[in-house]
file input_5.tsv (TSV, C-alpha atoms)
chain	number	residue	atom	x	y	z
A	1	MET	CA	9.09	132.33	52.71
A	2	GLU	CA	5.44	131.73	53.59
A	3	ASN	CA	5.46	135.02	55.45
A	4	GLU	CA	6.76	136.81	52.34
A	5	VAL	CA	4.11	135.20	50.13
A	6	ARG	CA	1.25	136.16	52.43
A	7	GLN	CA	2.51	139.73	52.81
A	8	SER	CA	3.13	140.26	49.11
A	9	ASP	CA	-0.18	138.74	48.00
A	10	VAL	CA	-2.19	141.67	49.36
A	11	ARG	CA	0.04	144.48	48.09
A	12	VAL	CA	-0.95	146.63	45.12
A	13	ASP	CA	1.62	146.91	42.35
A	14	LYS	CA	0.38	150.07	40.62
A	15	GLN	CA	-1.93	152.96	41.35
A	16	PRO	CA	-5.21	151.95	39.66
A	17	ARG	CA	-7.29	154.17	37.39
A	18	LEU	CA	-10.54	154.65	39.26
A	19	PRO	CA	-14.03	154.94	37.76
A	20	LEU	CA	-15.00	158.40	36.55
A	21	LEU	CA	-17.51	159.10	39.31
A	22	THR	CA	-14.98	158.11	41.99
A	23	ARG	CA	-12.39	160.42	40.44
A	24	LEU	CA	-14.87	163.28	40.35
A	25	SER	CA	-15.84	162.68	43.96
A	26	ARG	CA	-12.26	162.59	45.22
A	27	GLY	CA	-11.27	165.60	43.14
A	28	ALA	CA	-14.20	167.62	44.46
A	29	THR	CA	-13.34	166.58	48.02
A	30	ILE	CA	-9.70	167.60	47.97
A	31	TYR	CA	-10.27	170.85	46.09
A	32	ALA	CA	-13.07	171.78	48.49
A	33	ILE	CA	-10.80	171.14	51.47
A	34	GLN	CA	-8.02	173.24	49.95
A	35	ILE	CA	-10.25	176.12	48.84
A	36	LEU	CA	-12.44	176.30	51.93
A	37	GLY	CA	-9.47	175.83	54.23
A	38	ALA	CA	-7.64	178.90	52.93
A	39	PRO	CA	-9.84	181.49	54.70
A	40	ALA	CA	-9.57	179.52	57.95
A	41	LEU	CA	-5.78	179.60	57.73
A	42	TRP	CA	-5.83	183.34	57.02
A	43	TYR	CA	-8.10	183.90	60.03
A	44	ARG	CA	-5.82	181.84	62.27
A	45	ASP	CA	-2.70	183.64	61.12
A	46	TRP	CA	-4.25	187.08	61.57
A	47	PHE	CA	-6.00	186.63	64.90
A	48	TYR	CA	-3.91	183.88	66.47
A	49	PRO	CA	-0.31	184.39	65.34
A	50	PRO	CA	2.16	181.68	66.36
A	51	LYS	CA	3.51	181.87	69.90
A	52	THR	CA	6.87	180.54	68.73
A	53	PRO	CA	7.52	182.10	65.30
A	54	PRO	CA	10.68	181.25	63.38
A	55	THR	CA	13.79	183.38	63.81
A	56	LEU	CA	13.59	184.20	60.13
A	57	VAL	CA	11.82	183.19	56.93
A	58	LYS	CA	13.78	182.89	53.69
A	59	THR	CA	13.15	182.21	50.01
A	60	TYR	CA	15.62	181.01	47.41
A	61	PRO	CA	15.64	181.64	43.64
A	62	CYS	CA	15.31	177.91	42.95
A	63	ARG	CA	11.80	177.88	44.50
A	64	PRO	CA	10.74	181.51	45.06
A	65	SER	CA	7.14	180.55	45.88
A	66	LEU	CA	8.18	178.23	48.72
A	67	PRO	CA	9.38	180.09	51.83
A	68	ILE	CA	11.26	178.13	54.47
A	69	SER	CA	11.34	178.80	58.21
A	70	ILE	CA	14.53	178.85	60.27
A	71	PHE	CA	14.73	178.40	64.03
A	72	PHE	CA	17.88	179.34	65.94
A	73	PRO	CA	18.23	178.16	69.53
A	74	GLN	CA	17.78	180.97	72.02
A	75	SER	CA	21.34	180.44	73.21
A	76	TYR	CA	22.75	181.40	69.81
A	77	ASP	CA	24.01	184.99	69.47
A	78	SER	CA	24.50	185.93	65.83
A	79	ASN	CA	26.53	188.99	66.86
A	80	GLU	CA	29.27	186.83	68.33
A	81	SER	CA	31.57	184.35	66.66
A	82	GLN	CA	30.23	180.89	67.45
A	83	PRO	CA	30.80	177.39	66.07
A	84	PRO	CA	28.32	176.08	63.50
A	85	LEU	CA	25.22	174.31	64.76
A	86	PRO	CA	24.08	170.74	64.21
A	87	THR	CA	21.09	171.03	61.90
A	88	LEU	CA	17.74	169.31	61.56
A	89	PHE	CA	15.79	169.84	58.33
A	90	SER	CA	12.11	169.27	59.10
A	91	ILE	CA	9.27	168.52	56.69
A	92	HIS	CA	5.62	169.18	57.54
A	93	GLY	CA	2.77	166.77	56.87
A	94	GLY	CA	-0.71	167.15	55.41
A	95	GLY	CA	-1.34	164.11	53.22
A	96	PHE	CA	0.82	165.56	50.41
A	97	CYS	CA	-2.09	167.95	49.72
A	98	LEU	CA	-2.27	170.27	52.73
A	99	GLY	CA	-0.04	171.83	55.36
A	100	ARG	CA	2.57	174.57	55.73
A	101	PRO	CA	5.93	174.85	57.51
A	102	SER	CA	4.24	176.97	60.19
A	103	ASP	CA	2.21	173.94	61.27
A	104	ASP	CA	5.33	172.73	63.08
A	105	ASP	CA	6.50	176.05	64.57
A	106	GLU	CA	6.01	174.98	68.18
A	107	TRP	CA	7.72	171.61	67.68
A	108	ASN	CA	10.62	173.14	65.74
A	109	ALA	CA	11.22	175.95	68.22
A	110	ARG	CA	11.15	173.58	71.18
A	111	PHE	CA	13.56	171.15	69.52
A	112	ALA	CA	15.96	173.95	68.59
A	113	ASN	CA	16.06	175.20	72.20
A	114	MET	CA	16.02	171.79	73.85
A	115	HIS	CA	18.99	170.47	71.90
A	116	ASN	CA	20.85	173.64	70.85
A	117	THR	CA	20.18	172.78	67.22
A	118	LEU	CA	19.42	174.79	64.10
A	119	VAL	CA	16.06	173.69	62.69
A	120	ILE	CA	15.15	174.50	59.09
A	121	ALA	CA	11.54	173.82	58.09
A	122	LEU	CA	11.36	173.05	54.38
A	123	ASN	CA	8.42	173.47	52.02
A	124	TYR	CA	6.97	171.81	48.92
A	125	ARG	CA	4.16	172.21	46.41
A	126	LYS	CA	1.02	170.20	47.04
A	127	ALA	CA	-1.04	167.67	45.13
A	128	PRO	CA	-3.24	167.33	43.17
A	129	TYR	CA	-1.87	170.33	41.22
A	130	HIS	CA	1.62	168.98	41.80
A	131	PRO	CA	1.61	165.17	42.10
A	132	PHE	CA	4.55	162.87	42.73
A	133	PRO	CA	7.49	163.38	42.19
A	134	THR	CA	7.18	167.17	42.55
A	135	ALA	CA	7.42	167.26	46.36
A	136	PRO	CA	10.69	165.30	46.73
A	137	HIS	CA	12.37	167.50	44.12
A	138	ASP	CA	11.09	170.72	45.69
A	139	LEU	CA	12.56	169.55	48.98
A	140	GLU	CA	15.79	168.56	47.27
A	141	ALA	CA	16.19	172.02	45.72
A	142	LEU	CA	15.49	173.87	48.97
A	143	LEU	CA	17.66	171.57	51.07
A	144	LEU	CA	20.59	172.10	48.71
A	145	ALA	CA	20.01	175.87	48.65
A	146	ALA	CA	19.99	176.09	52.44
A	147	PHE	CA	22.99	173.78	52.69
A	148	ASP	CA	24.95	176.15	50.40
A	149	ASP	CA	23.74	179.30	52.18
A	150	GLU	CA	26.84	180.69	53.88
A	151	SER	CA	24.73	182.98	56.06
A	152	LEU	CA	23.38	179.96	57.97
A	153	PRO	CA	25.62	178.40	60.66
A	154	ILE	CA	25.12	174.81	59.50
A	155	ASP	CA	27.52	172.20	60.81
A	156	LYS	CA	27.78	170.19	57.60
A	157	SER	CA	29.11	167.15	59.42
A	158	ARG	CA	26.02	166.93	61.68
A	159	ILE	CA	22.84	166.96	59.61
A	160	ALA	CA	19.57	165.10	60.05
A	161	VAL	CA	16.27	165.17	58.16
A	162	GLY	CA	12.94	164.55	59.86
A	163	GLY	CA	9.26	164.89	59.07
A	164	PHE	CA	5.73	164.16	60.17
A	165	SER	CA	3.14	161.94	58.47
A	166	ALA	CA	3.45	162.73	54.73
A	167	GLY	CA	6.54	164.70	55.73
A	168	GLY	CA	7.97	161.52	57.24
A	169	SER	CA	7.43	159.75	53.94
A	170	LEU	CA	9.10	162.65	52.12
A	171	THR	CA	11.98	162.55	54.59
A	172	LEU	CA	12.87	159.05	53.45
A	173	SER	CA	12.26	160.02	49.81
A	174	VAL	CA	14.49	163.08	49.63
A	175	CYS	CA	17.28	161.31	51.51
A	176	GLN	CA	17.46	158.73	48.68
A	177	LEU	CA	18.12	161.32	45.95
A	178	PRO	CA	21.72	161.17	44.68
A	179	SER	CA	22.38	164.89	45.19
A	180	ILE	CA	21.37	164.66	48.86
A	181	ARG	CA	23.22	161.41	49.48
A	182	GLU	CA	26.42	162.58	47.81
A	183	LYS	CA	26.57	166.24	48.81
A	184	VAL	CA	24.56	166.78	51.99
A	185	LYS	CA	25.14	163.29	53.38
A	186	PRO	CA	22.56	163.40	56.19
A	187	SER	CA	23.66	161.12	58.97
A	188	ALA	CA	20.14	160.47	60.25
A	189	ALA	CA	16.49	160.36	59.21
A	190	ILE	CA	13.63	160.77	61.68
A	191	PRO	CA	10.27	159.78	60.15
A	192	VAL	CA	7.45	160.44	62.62
A	193	TYR	CA	4.16	158.53	62.10
A	194	ALA	CA	5.12	158.24	58.42
A	195	ILE	CA	3.49	156.35	55.58
A	196	VAL	CA	6.30	154.09	54.36
A	197	ASP	CA	4.43	151.46	52.30
A	198	LYS	CA	1.75	152.76	49.96
A	199	SER	CA	1.27	149.34	48.37
A	200	ILE	CA	-0.74	148.03	51.35
A	201	PRO	CA	-4.50	148.51	50.85
A	202	GLY	CA	-6.31	150.59	53.43
A	203	GLU	CA	-8.65	147.75	54.33
A	204	ILE	CA	-5.60	145.80	55.50
A	205	LYS	CA	-4.02	148.68	57.39
A	206	VAL	CA	-7.05	149.36	59.58
A	207	LYS	CA	-6.86	145.79	60.91
A	208	THR	CA	-3.23	146.03	62.02
A	209	ARG	CA	-3.81	148.20	65.10
A	210	TYR	CA	-5.80	147.91	68.33
A	211	TYR	CA	-8.87	149.98	69.14
A	212	LYS	CA	-9.26	151.07	72.76
A	213	PRO	CA	-12.73	152.23	73.81
A	214	GLY	CA	-11.59	152.49	77.43
A	215	LEU	CA	-9.44	155.57	76.89
A	216	GLY	CA	-12.18	158.05	77.73
A	217	PRO	CA	-13.48	161.12	75.84
A	218	GLY	CA	-11.91	162.06	72.52
A	219	MET	CA	-11.12	160.43	69.19
A	220	ARG	CA	-8.78	157.87	70.75
A	221	THR	CA	-11.84	155.78	71.60
A	222	ASP	CA	-13.33	155.78	68.09
A	223	PRO	CA	-13.99	152.31	66.64
A	224	THR	CA	-12.52	153.40	63.29
A	225	ASP	CA	-9.23	155.00	62.28
A	226	TYR	CA	-9.81	158.58	61.15
A	227	LEU	CA	-7.20	158.19	58.40
A	228	ALA	CA	-9.33	155.50	56.75
A	229	SER	CA	-11.53	158.14	55.12
A	230	PHE	CA	-8.80	160.71	54.35
A	231	SER	CA	-5.97	158.52	53.04
A	232	PRO	CA	-7.66	157.30	49.82
A	233	VAL	CA	-8.33	160.90	48.77
A	234	PHE	CA	-4.81	162.06	49.58
A	235	LEU	CA	-3.09	159.15	47.84
A	236	TRP	CA	-5.31	159.46	44.75
A	237	SER	CA	-4.36	163.15	44.60
A	238	TYR	CA	-0.64	162.51	45.00
A	239	ILE	CA	-0.03	159.41	42.85
A	240	ASN	CA	-1.02	159.28	39.18
A	241	PRO	CA	-2.57	156.12	37.71
A	242	GLY	CA	-0.05	153.54	36.56
A	243	VAL	CA	2.72	154.63	38.93
A	244	SER	CA	4.33	151.78	40.82
A	245	MET	CA	3.26	151.76	44.46
A	246	LYS	CA	6.52	149.97	45.23
A	247	GLU	CA	8.68	152.76	43.84
A	248	PRO	CA	11.19	153.42	46.67
A	249	LEU	CA	10.71	157.20	46.46
A	250	LEU	CA	7.01	156.58	47.20
A	251	SER	CA	7.27	153.58	49.50
A	252	SER	CA	10.59	153.68	51.30
A	253	TYR	CA	9.93	150.20	52.69
A	254	PHE	CA	11.26	148.97	49.32
A	255	ALA	CA	14.38	151.16	49.33
A	256	PRO	CA	17.75	149.40	49.59
A	257	ARG	CA	19.44	149.99	52.91
A	258	ASP	CA	22.42	151.79	51.38
A	259	ALA	CA	20.09	154.36	49.76
A	260	LEU	CA	18.94	155.57	53.18
A	261	PRO	CA	20.84	157.49	55.88
A	262	PRO	CA	23.00	155.31	58.13
A	263	HIS	CA	20.94	156.10	61.22
A	264	ILE	CA	17.12	156.02	61.24
A	265	PHE	CA	14.81	156.71	64.18
A	266	PHE	CA	11.21	155.63	63.51
A	267	VAL	CA	8.55	157.20	65.74
A	268	ALA	CA	4.98	155.90	65.44
A	269	ALA	CA	1.66	156.23	67.27
A	270	GLU	CA	0.00	153.09	68.58
A	271	LEU	CA	-3.54	154.04	67.53
A	272	ASP	CA	-2.58	154.71	63.91
A	273	GLN	CA	-3.20	152.54	60.87
A	274	LEU	CA	0.26	153.54	59.60
A	275	ALA	CA	2.13	152.25	62.66
A	276	HIS	CA	2.31	148.63	61.55
A	277	GLU	CA	4.05	149.32	58.23
A	278	THR	CA	6.62	151.45	60.06
A	279	TRP	CA	7.12	148.64	62.58
A	280	CYS	CA	7.69	146.25	59.66
A	281	MET	CA	10.25	148.55	58.05
A	282	ALA	CA	12.09	149.10	61.32
A	283	ASN	CA	12.34	145.36	61.91
A	284	LYS	CA	13.36	144.70	58.30
A	285	LEU	CA	16.21	147.23	58.41
A	286	ALA	CA	17.31	145.95	61.80
A	287	GLY	CA	17.52	142.37	60.51
A	288	ARG	CA	14.78	141.23	62.88
A	289	PRO	CA	11.81	138.98	62.03
A	290	GLU	CA	9.24	141.06	60.20
A	291	PRO	CA	5.73	141.08	61.74
A	292	LEU	CA	2.80	139.60	59.83
A	293	PHE	CA	-0.20	141.76	59.03
A	294	THR	CA	-2.05	139.65	61.61
A	295	ASP	CA	0.43	140.72	64.31
A	296	LYS	CA	-1.17	143.89	65.60
A	297	VAL	CA	1.15	146.69	66.60
A	298	GLY	CA	1.27	147.63	70.29
A	299	GLN	CA	-0.95	146.03	72.91
A	300	GLU	CA	-4.63	145.61	73.61
A	301	LYS	CA	-4.49	146.90	77.17
A	302	LEU	CA	-4.07	150.53	78.14
A	303	ALA	CA	-0.65	151.93	78.98
A	304	PRO	CA	0.05	151.83	82.73
A	305	GLU	CA	0.85	155.53	83.17
A	306	LYS	CA	-0.48	158.66	81.50
A	307	GLY	CA	2.10	160.75	79.70
A	308	GLN	CA	4.78	158.05	79.89
A	309	LEU	CA	6.50	156.21	77.06
A	310	ILE	CA	7.12	152.45	77.30
A	311	LEU	CA	10.84	151.83	76.92
A	312	ASP	CA	11.21	148.35	78.44
A	313	ASP	CA	9.05	146.43	75.95
A	314	GLU	CA	10.42	145.72	72.45
A	315	ARG	CA	6.97	146.11	70.93
A	316	PHE	CA	7.30	149.77	71.86
A	317	ALA	CA	11.04	150.47	71.77
A	318	PHE	CA	14.18	148.84	70.47
A	319	GLU	CA	17.53	149.81	68.99
A	320	HIS	CA	19.75	147.87	66.62
A	321	VAL	CA	23.34	149.03	66.05
A	322	ASP	CA	25.52	147.74	63.21
A	323	GLU	CA	29.16	148.04	62.23
A	324	GLY	CA	30.52	149.43	65.44
A	325	GLY	CA	27.95	152.20	65.58
A	326	LYS	CA	28.30	153.34	61.94
A	327	SER	CA	24.63	152.59	61.30
A	328	SER	CA	21.60	151.98	63.49
A	329	VAL	CA	17.83	151.62	63.57
A	330	ARG	CA	15.70	152.89	66.44
A	331	TRP	CA	11.99	152.17	66.97
A	332	LEU	CA	9.66	154.06	69.31
A	333	LEU	CA	5.91	153.46	69.49
A	334	VAL	CA	4.00	156.12	71.43
A	335	PRO	CA	1.32	154.27	73.43
A	336	ASP	CA	-2.39	155.13	73.45
A	337	GLN	CA	-2.09	157.96	70.92
A	338	LEU	CA	-3.43	158.75	67.46
A	339	HIS	CA	-1.76	159.61	64.20
A	340	GLY	CA	-0.61	163.21	64.44
A	341	PHE	CA	-1.31	163.30	68.17
A	342	ASP	CA	1.03	166.27	68.69
A	343	ARG	CA	-0.57	168.23	65.81
A	344	LEU	CA	-4.30	167.51	66.16
A	345	PRO	CA	-6.78	170.24	67.17
A	346	ALA	CA	-7.48	170.25	70.88
A	347	ASN	CA	-11.17	169.43	70.37
A	348	TRP	CA	-10.23	166.16	68.65
A	349	HIS	CA	-8.54	164.99	71.80
A	350	GLY	CA	-10.51	165.67	74.93
A	351	LYS	CA	-8.77	167.09	78.00
A	352	GLU	CA	-7.10	163.90	79.23
A	353	SER	CA	-5.95	162.84	75.77
A	354	LEU	CA	-4.51	166.30	75.06
A	355	GLU	CA	-2.54	166.32	78.32
A	356	ASP	CA	-1.22	162.85	77.53
A	357	ALA	CA	-0.24	163.91	74.00
A	358	LYS	CA	1.67	166.99	75.18
A	359	LEU	CA	3.67	165.02	77.72
A	360	LYS	CA	4.56	162.31	75.22
A	361	GLU	CA	5.48	164.85	72.55
A	362	VAL	CA	8.08	166.44	74.81
A	363	ALA	CA	9.28	163.00	75.94
A	364	TYR	CA	9.95	161.70	72.46
A	365	GLN	CA	11.55	164.99	71.39
A	366	LYS	CA	13.96	164.62	74.29
A	367	ILE	CA	14.82	161.02	73.36
A	368	VAL	CA	15.31	161.83	69.66
A	369	GLY	CA	17.58	164.79	70.41
A	370	GLU	CA	19.67	162.84	72.90
A	371	TRP	CA	20.02	160.00	70.36
A	372	LEU	CA	21.31	162.48	67.77
A	373	ARG	CA	23.74	164.10	70.18
A	374	GLU	CA	24.99	161.00	71.98
A	375	SER	CA	24.92	158.34	69.25
A	376	VAL	CA	24.72	159.83	65.78
A	377	TRP	CA	26.65	163.10	66.10
A	378	LYS	CA	29.05	162.07	68.86
call {"tool": "encode", "arguments": {"input": "input_5.tsv", "output": "structure tokens"}}
result
Amino acid sequence: MENEVRQSDVRVDKQPRLPLLTRLSRGATIYAIQILGAPALWYRDWFYPPKTPPTLVKTYPCRPSLPISIFFPQSYDSNESQPPLPTLFSIHGGGFCLGRPSDDDEWNARFANMHNTLVIALNYRKAPYHPFPTAPHDLEALLLAAFDDESLPIDKSRIAVGGFSAGGSLTLSVCQLPSIREKVKPSAAIPVYAIVDKSIPGEIKVKTRYYKPGLGPGMRTDPTDYLASFSPVFLWSYINPGVSMKEPLLSSYFAPRDALPPHIFFVAAELDQLAHETWCMANKLAGRPEPLFTDKVGQEKLAPEKGQLILDDERFAFEHVDEGGKSSVRWLLVPDQLHGFDRLPANWHGKESLEDAKLKEVAYQKIVGEWLRESVWK
């Protein structure tokens, strides 16, 4: 009980209305990022097209301005009669304000080929033009449209939804919607370095992780979390004043267990201010003691081997299985890496950090896919 009191005392109940000058500053910041970023994205698309483009891009009448990307495994031959494919719906990140499905092309293509899975990258409109709850309902409409699309070889008994950062948060949001729960019935959710509790103030979050100056060149050694400056702007853009920060569609930490998919695999990054809240949610759903905010996630020392995950330490990996395998919770903390480590620009990393990130990205993709195949979809 004391634990619950201390944890709840610091949480924010509703999104506050900020002073005028603060609102103007944050509005100018996010609009500048969106407007100035558009030419950079055009330049990248034109001169550096993706090495792993989707098999096809589709739009649906329900959301004609939101194209989705579809990745078939290379082993799939559409000219021959083949059984339907297990399907992962993926949701890109970007703080609810930025990002496109193409941001995840490399990840989606690799996962499709690695696990012989159909991957469908969804899309949604961005804040601040389109604040909460626009994004979950955009995703709902597109997921239902793709699910009903008879031209796609979706195995409707083997469906998972996964996403990255804001997309991880939206993964757990869209899976709670009645239409998705009752019709699509995803068997698994895979939130990757997600924000799952928006009621925790940023000044608390930055104290829940370790900082490791001994990791060498790159942002991993910074004494501050880079999300600390971005998150307030993104959340102000996405959540209108007066909205409950404990609304389960915003903060899935507060969602009842039966509103979420039966199987959930949480992936987090150790050097990320969002990792602790995900650790708390994983422990809560698994019926384990929930960490205090003073219990920092991960470890102070460096990981013993570059490019390796830590699977024999419950701070970094555990699995809880209920009801004879009908539901489960899996936790995986990627050591010595930042939020978005497998999406960050190379110059944010440094050579050694980038090599480490690439190895760990492939490693966790392998584990997630095997978990789906061998435990969830068996």
call {"tool": "residues_around", "arguments": {"input": "input_5.tsv", "residues": "A:Ala160", "least_positions_apart": "6", "cutoff": "10 Å", "atoms": "all atoms listed in the file", "output": "PyMOL selection string"}}
result
chain A and resi 86-90+119+171+175+184-190+261+263-264+372+376-377
call {"tool": "closest_residue", "arguments": {"input": "input_5.tsv", "among": "A:Pro53, A:Gly298, A:Pro223, A:Pro128", "to": "A:Leu235", "atoms": "all atoms listed in the file"}}
result
A:Pro128
call {"tool": "residues_around", "arguments": {"input": "input_5.tsv", "residues": "A:Phe265", "least_positions_apart": "4", "cutoff": "10 Å", "atoms": "all atoms listed in the file", "output": "PyMOL selection string"}}
result
chain A and resi 162+188-192+282+319+328-332+368+371-372
call {"tool": "residues_around", "arguments": {"input": "input_5.tsv", "residues": "A:Val206", "least_positions_apart": "3", "cutoff": "10 Å", "atoms": "all atoms listed in the file", "output": "PyMOL selection string"}}
result
chain A and resi 201-203+209-211+224-228+271-274+276
call {"tool": "residues_around", "arguments": {"input": "input_5.tsv", "residues": "A:Ser353", "least_positions_apart": "4", "cutoff": "12 Å", "atoms": "only C-alpha atoms", "output": "VMD selection string"}}
result
chain A and resid 214 to 221 306 to 307 335 to 338 341 to 342 344 to 349 357 to 360
call {"tool": "closest_residue", "arguments": {"input": "input_5.tsv", "among": "A:Tyr124, A:Phe132, A:Trp42, A:Tyr31", "to": "A:Gly93", "atoms": "all atoms listed in the file"}}
result
A:Tyr124
call {"tool": "residues_near_point", "arguments": {"input": "input_5.tsv", "point": "(14.1, 163.1, 49.1)", "cutoff": "12 Å", "atoms": "all atoms listed in the file", "output": "number ranges by chain"}}
result
A: 89-91, 122, 124, 132-144, 161-163, 167-181, 184-186, 189, 248-252, 255, 259-261
call {"tool": "atom_distance", "arguments": {"input": "input_5.tsv", "atom1": "atom CA of A:Lys301", "atom2": "atom CA of A:Pro289"}}
result
23.6 Å
call {"tool": "decode", "arguments": {"input": "input_5.tsv", "residues": "stretch 109-120 of chain A", "atoms": "N, CA, C and O atoms", "output": "PDB file, in the first residue's frame"}}
result
ATOM      1  N   ALA A 109      10.730  -5.259 -43.526  1.00  0.00           N
ATOM      2  CA  ALA A 109      11.158  -6.211 -44.555  1.00  0.00           C
ATOM      3  C   ALA A 109      11.957  -7.351 -43.942  1.00  0.00           C
ATOM      4  O   ALA A 109      11.777  -8.526 -44.304  1.00  0.00           O
ATOM      5  N   ARG A 110      12.842  -7.028 -43.007  1.00  0.00           N
ATOM      6  CA  ARG A 110      13.648  -8.071 -42.374  1.00  0.00           C
ATOM      7  C   ARG A 110      12.759  -9.025 -41.580  1.00  0.00           C
ATOM      8  O   ARG A 110      12.920 -10.246 -41.634  1.00  0.00           O
ATOM      9  N   PHE A 111      11.796  -8.482 -40.838  1.00  0.00           N
ATOM     10  CA  PHE A 111      10.931  -9.333 -40.034  1.00  0.00           C
ATOM     11  C   PHE A 111      10.089 -10.247 -40.931  1.00  0.00           C
ATOM     12  O   PHE A 111       9.924 -11.442 -40.640  1.00  0.00           O
ATOM     13  N   ALA A 112       9.581  -9.698 -42.024  1.00  0.00           N
ATOM     14  CA  ALA A 112       8.774 -10.497 -42.949  1.00  0.00           C
ATOM     15  C   ALA A 112       9.583 -11.682 -43.475  1.00  0.00           C
ATOM     16  O   ALA A 112       9.089 -12.816 -43.538  1.00  0.00           O
ATOM     17  N   ASN A 113      10.825 -11.434 -43.868  1.00  0.00           N
ATOM     18  CA  ASN A 113      11.669 -12.498 -44.427  1.00  0.00           C
ATOM     19  C   ASN A 113      12.187 -13.449 -43.354  1.00  0.00           C
ATOM     20  O   ASN A 113      12.273 -14.665 -43.579  1.00  0.00           O
ATOM     21  N   MET A 114      12.517 -12.918 -42.207  1.00  0.00           N
ATOM     22  CA  MET A 114      13.082 -13.736 -41.139  1.00  0.00           C
ATOM     23  C   MET A 114      12.073 -14.752 -40.616  1.00  0.00           C
ATOM     24  O   MET A 114      12.433 -15.893 -40.273  1.00  0.00           O
ATOM     25  N   HIS A 115      10.790 -14.351 -40.580  1.00  0.00           N
ATOM     26  CA  HIS A 115       9.789 -15.195 -39.931  1.00  0.00           C
ATOM     27  C   HIS A 115       8.641 -15.594 -40.871  1.00  0.00           C
ATOM     28  O   HIS A 115       7.606 -16.072 -40.382  1.00  0.00           O
ATOM     29  N   ASN A 116       8.853 -15.425 -42.173  1.00  0.00           N
ATOM     30  CA  ASN A 116       7.842 -15.809 -43.161  1.00  0.00           C
ATOM     31  C   ASN A 116       6.462 -15.263 -42.762  1.00  0.00           C
ATOM     32  O   ASN A 116       5.471 -15.989 -42.662  1.00  0.00           O
ATOM     33  N   THR A 117       6.430 -13.973 -42.546  1.00  0.00           N
ATOM     34  CA  THR A 117       5.251 -13.287 -42.019  1.00  0.00           C
ATOM     35  C   THR A 117       4.876 -12.123 -42.935  1.00  0.00           C
ATOM     36  O   THR A 117       5.745 -11.451 -43.489  1.00  0.00           O
ATOM     37  N   LEU A 118       3.586 -11.888 -43.078  1.00  0.00           N
ATOM     38  CA  LEU A 118       3.105 -10.701 -43.769  1.00  0.00           C
ATOM     39  C   LEU A 118       3.157  -9.536 -42.784  1.00  0.00           C
ATOM     40  O   LEU A 118       2.646  -9.641 -41.663  1.00  0.00           O
ATOM     41  N   VAL A 119       3.780  -8.440 -43.181  1.00  0.00           N
ATOM     42  CA  VAL A 119       3.867  -7.263 -42.319  1.00  0.00           C
ATOM     43  C   VAL A 119       3.140  -6.112 -42.996  1.00  0.00           C
ATOM     44  O   VAL A 119       3.428  -5.791 -44.161  1.00  0.00           O
ATOM     45  N   ILE A 120       2.215  -5.506 -42.292  1.00  0.00           N
ATOM     46  CA  ILE A 120       1.422  -4.396 -42.827  1.00  0.00           C
ATOM     47  C   ILE A 120       1.676  -3.175 -41.954  1.00  0.00           C
ATOM     48  O   ILE A 120       1.322  -3.152 -40.771  1.00  0.00           O
TER      49      ILE A 120
END
